[in-house]
>>> print(open('start.txt').read())   # compact mmCIF, C-alpha atoms
# COMPACT_ATOMS: atom_id res chain seq x y z
CA MET A 265 78.38 109.35 117.81
CA GLU A 266 77.64 106.83 115.04
CA THR A 267 77.42 109.63 112.49
CA PHE A 268 80.96 110.73 113.37
CA GLN A 269 82.35 107.21 112.90
CA LEU A 270 80.52 106.79 109.61
CA THR A 271 81.83 110.12 108.38
CA GLY A 272 85.38 109.11 109.33
CA ALA A 273 85.05 105.82 107.50
CA VAL A 274 83.67 107.51 104.40
CA SER A 275 86.45 110.09 104.36
CA ALA A 276 89.05 107.34 104.83
CA LEU A 277 87.59 105.48 101.85
CA ILE A 278 87.63 108.67 99.79
CA TYR A 279 91.27 109.33 100.65
CA ALA A 280 92.13 105.71 99.87
CA GLY A 281 90.45 106.00 96.48
CA ILE A 282 92.28 109.23 95.74
CA GLY A 283 95.54 107.60 96.82
CA ILE A 284 95.05 104.62 94.53
CA ALA A 285 94.19 106.94 91.64
CA VAL A 286 97.31 109.03 92.28
CA PHE A 287 99.42 105.87 92.45
CA PHE A 288 98.17 104.67 89.06
CA LEU A 289 98.67 108.15 87.61
CA VAL A 290 102.28 108.23 88.84
CA LEU A 291 102.88 104.71 87.54
CA THR A 292 101.48 105.70 84.15
CA ILE A 293 103.70 108.80 84.06
CA ILE A 294 106.74 106.67 84.90
CA GLU A 295 105.83 104.17 82.14
CA VAL A 296 105.45 106.97 79.57
CA ALA A 297 108.53 108.93 80.67
CA THR A 298 110.93 105.98 80.53
CA LYS A 299 112.11 104.22 77.40
CA TYR A 300 111.36 100.77 78.82
CA SER A 301 108.50 98.94 80.51
CA VAL A 302 108.85 99.10 84.29
CA ASN A 303 106.80 95.92 84.68
CA LYS A 304 109.04 94.02 82.25
CA LYS A 305 112.23 95.28 83.87
CA ILE A 306 111.10 94.20 87.35
CA ALA A 307 109.28 90.95 86.56
CA GLU A 308 111.29 89.50 83.69
CA ASP A 309 114.73 91.07 84.03
CA GLY A 310 114.80 91.08 87.84
CA ASN A 311 115.89 94.70 88.22
CA VAL A 312 116.04 95.01 92.01
CA ALA A 313 117.05 98.67 92.00
CA LEU A 314 113.99 99.63 89.98
CA ALA A 315 111.78 97.59 92.31
CA ILE A 316 113.24 99.45 95.30
CA VAL A 317 112.55 102.81 93.65
CA LEU A 318 108.98 101.81 92.85
CA GLY A 319 108.54 100.53 96.41
CA SER A 320 109.78 103.84 97.81
CA ILE A 321 107.24 105.67 95.64
CA VAL A 322 104.47 103.47 97.06
CA LEU A 323 105.64 104.08 100.64
CA SER A 324 105.91 107.83 100.15
CA LEU A 325 102.42 108.04 98.66
CA GLY A 326 101.13 106.00 101.60
CA LEU A 327 102.74 108.39 104.07
CA ILE A 328 101.27 111.40 102.29
CA ILE A 329 97.79 109.88 102.28
CA SER A 330 98.07 108.82 105.91
CA SER A 331 99.04 112.32 106.99
CA ALA A 332 96.21 113.78 104.92
CA ILE A 333 93.67 111.55 106.68
CA ARG A 334 94.77 112.73 110.10
>>> encode(input="start.txt", output="structure tokens")
Amino acid sequence: METFQLTGAVSALIYAGIGIAVFFLVLTIIEVATKYSVNKKIAEDGNVALAIVLGSIVLSLGLIISSAIR
């Protein structure tokens, strides 16, 4: 029984690592594809719409990873 729980924990960590890597890849693609810095637009300019879009990307990636773990 302990082997099963350990295997589940390891696979969850693997999926989490893959999810974080995919998130940074998507963020890098967004930074390259746009003419402006997303970080600057959100932090310095206070662009709420862009923050909502980025938040929806984070939530959607989380949902995809969560369904992949199950």
>>> closest_residue(input="start.txt", among="A:Val302, A:Leu277, A:Val312, A:Val286", to="A:Ile328", atoms="all atoms listed in the file")
A:Val286
>>> atom_distance(input="start.txt", atom1="atom CA of A:Ala276", atom2="atom CA of A:Val322")
17.7 Å
>>> axis_aligned_box(input="start.txt", around="stretch 282-301 of chain A", padding_each_side="5 Å", output="AutoDock Vina command-line options")
--center_x 102.2 --center_y 104.1 --center_z 87.1 --size_x 29.8 --size_y 20.3 --size_z 29.4
>>> closest_residue(input="start.txt", among="A:Ala297, A:Ile306, A:Leu325, A:Val317", to="A:Gly283", atoms="all atoms listed in the file")
A:Leu325
>>> closest_residue(input="start.txt", among="A:Ile294, A:Ala280, A:Gly310, A:Asn303", to="A:Ser330", atoms="all atoms listed in the file")
A:Ala280
>>> atom_distance(input="start.txt", atom1="atom CA of A:Ala332", atom2="atom CA of A:Tyr279")
7.9 Å
>>> atom_distance(input="start.txt", atom1="atom CA of A:Ala307", atom2="atom CA of A:Ile284")
21.3 Å
>>> closest_residue(input="start.txt", among="A:Ile321, A:Tyr300, A:Ile329, A:Ile316", to="A:Gly281", atoms="only C-alpha atoms")
A:Ile329
>>> closest_residue(input="start.txt", among="A:Thr298, A:Ser331, A:Ile282, A:Leu291", to="A:Leu318", atoms="all atoms listed in the file")
A:Leu291
>>> closest_residue(input="start.txt", among="A:Ile278, A:Phe287, A:Gly272, A:Lys304", to="A:Ser320", atoms="all atoms listed in the file")
A:Phe287
>>> decode(input="start.txt", residues="stretch 277-297 of chain A", atoms="N, CA and C atoms", output="mmCIF file, in the first residue's frame")
data_model
loop_
_atom_site.group_PDB
_atom_site.id
_atom_site.type_symbol
_atom_site.label_atom_id
_atom_site.label_comp_id
_atom_site.auth_asym_id
_atom_site.auth_seq_id
_atom_site.Cartn_x
_atom_site.Cartn_y
_atom_site.Cartn_z
ATOM 1 N N LEU A 277 4.210 14.970 -8.484
ATOM 2 C CA LEU A 277 5.338 15.897 -8.577
ATOM 3 C C LEU A 277 5.843 16.030 -10.014
ATOM 4 N N ILE A 278 5.830 14.938 -10.744
ATOM 5 C CA ILE A 278 6.249 14.982 -12.144
ATOM 6 C C ILE A 278 5.290 15.837 -12.953
ATOM 7 N N TYR A 279 3.985 15.629 -12.765
ATOM 8 C CA TYR A 279 2.998 16.437 -13.474
ATOM 9 C C TYR A 279 3.097 17.909 -13.082
ATOM 10 N N ALA A 280 3.364 18.181 -11.811
ATOM 11 C CA ALA A 280 3.513 19.564 -11.371
ATOM 12 C C ALA A 280 4.728 20.206 -12.034
ATOM 13 N N GLY A 281 5.816 19.469 -12.115
ATOM 14 C CA GLY A 281 7.008 19.983 -12.787
ATOM 15 C C GLY A 281 6.774 20.248 -14.256
ATOM 16 N N ILE A 282 6.075 19.332 -14.905
ATOM 17 C CA ILE A 282 5.740 19.524 -16.318
ATOM 18 C C ILE A 282 4.833 20.737 -16.475
ATOM 19 N N GLY A 283 3.887 20.891 -15.561
ATOM 20 C CA GLY A 283 2.970 22.024 -15.627
ATOM 21 C C GLY A 283 3.679 23.351 -15.458
ATOM 22 N N ILE A 284 4.624 23.420 -14.535
ATOM 23 C CA ILE A 284 5.384 24.650 -14.336
ATOM 24 C C ILE A 284 6.239 24.954 -15.564
ATOM 25 N N ALA A 285 6.824 23.923 -16.146
ATOM 26 C CA ALA A 285 7.632 24.111 -17.356
ATOM 27 C C ALA A 285 6.772 24.607 -18.513
ATOM 28 N N VAL A 286 5.594 24.033 -18.661
ATOM 29 C CA VAL A 286 4.682 24.476 -19.733
ATOM 30 C C VAL A 286 4.249 25.916 -19.494
ATOM 31 N N PHE A 287 3.983 26.280 -18.229
ATOM 32 C CA PHE A 287 3.589 27.644 -17.925
ATOM 33 C C PHE A 287 4.683 28.628 -18.326
ATOM 34 N N PHE A 288 5.934 28.337 -17.971
ATOM 35 C CA PHE A 288 7.021 29.240 -18.335
ATOM 36 C C PHE A 288 7.247 29.274 -19.837
ATOM 37 N N LEU A 289 7.026 28.156 -20.511
ATOM 38 C CA LEU A 289 7.135 28.136 -21.972
ATOM 39 C C LEU A 289 6.072 29.022 -22.601
ATOM 40 N N VAL A 290 4.842 28.918 -22.116
ATOM 41 C CA VAL A 290 3.747 29.749 -22.648
ATOM 42 C C VAL A 290 4.012 31.216 -22.352
ATOM 43 N N LEU A 291 4.483 31.521 -21.154
ATOM 44 C CA LEU A 291 4.790 32.907 -20.799
ATOM 45 C C LEU A 291 5.900 33.471 -21.683
ATOM 46 N N THR A 292 6.903 32.650 -21.981
ATOM 47 C CA THR A 292 7.980 33.080 -22.864
ATOM 48 C C THR A 292 7.464 33.308 -24.276
ATOM 49 N N ILE A 293 6.587 32.438 -24.752
ATOM 50 C CA ILE A 293 6.002 32.618 -26.089
ATOM 51 C C ILE A 293 5.182 33.899 -26.148
ATOM 52 N N ILE A 294 4.430 34.183 -25.086
ATOM 53 C CA ILE A 294 3.637 35.414 -25.051
ATOM 54 C C ILE A 294 4.552 36.635 -25.053
ATOM 55 N N GLU A 295 5.641 36.592 -24.288
ATOM 56 C CA GLU A 295 6.588 37.710 -24.241
ATOM 57 C C GLU A 295 7.215 37.959 -25.619
ATOM 58 N N VAL A 296 7.560 36.877 -26.321
ATOM 59 C CA VAL A 296 8.202 37.015 -27.631
ATOM 60 C C VAL A 296 7.195 37.459 -28.699
ATOM 61 N N ALA A 297 5.977 36.948 -28.619
ATOM 62 C CA ALA A 297 4.984 37.216 -29.656
ATOM 63 C C ALA A 297 4.410 38.629 -29.584
#
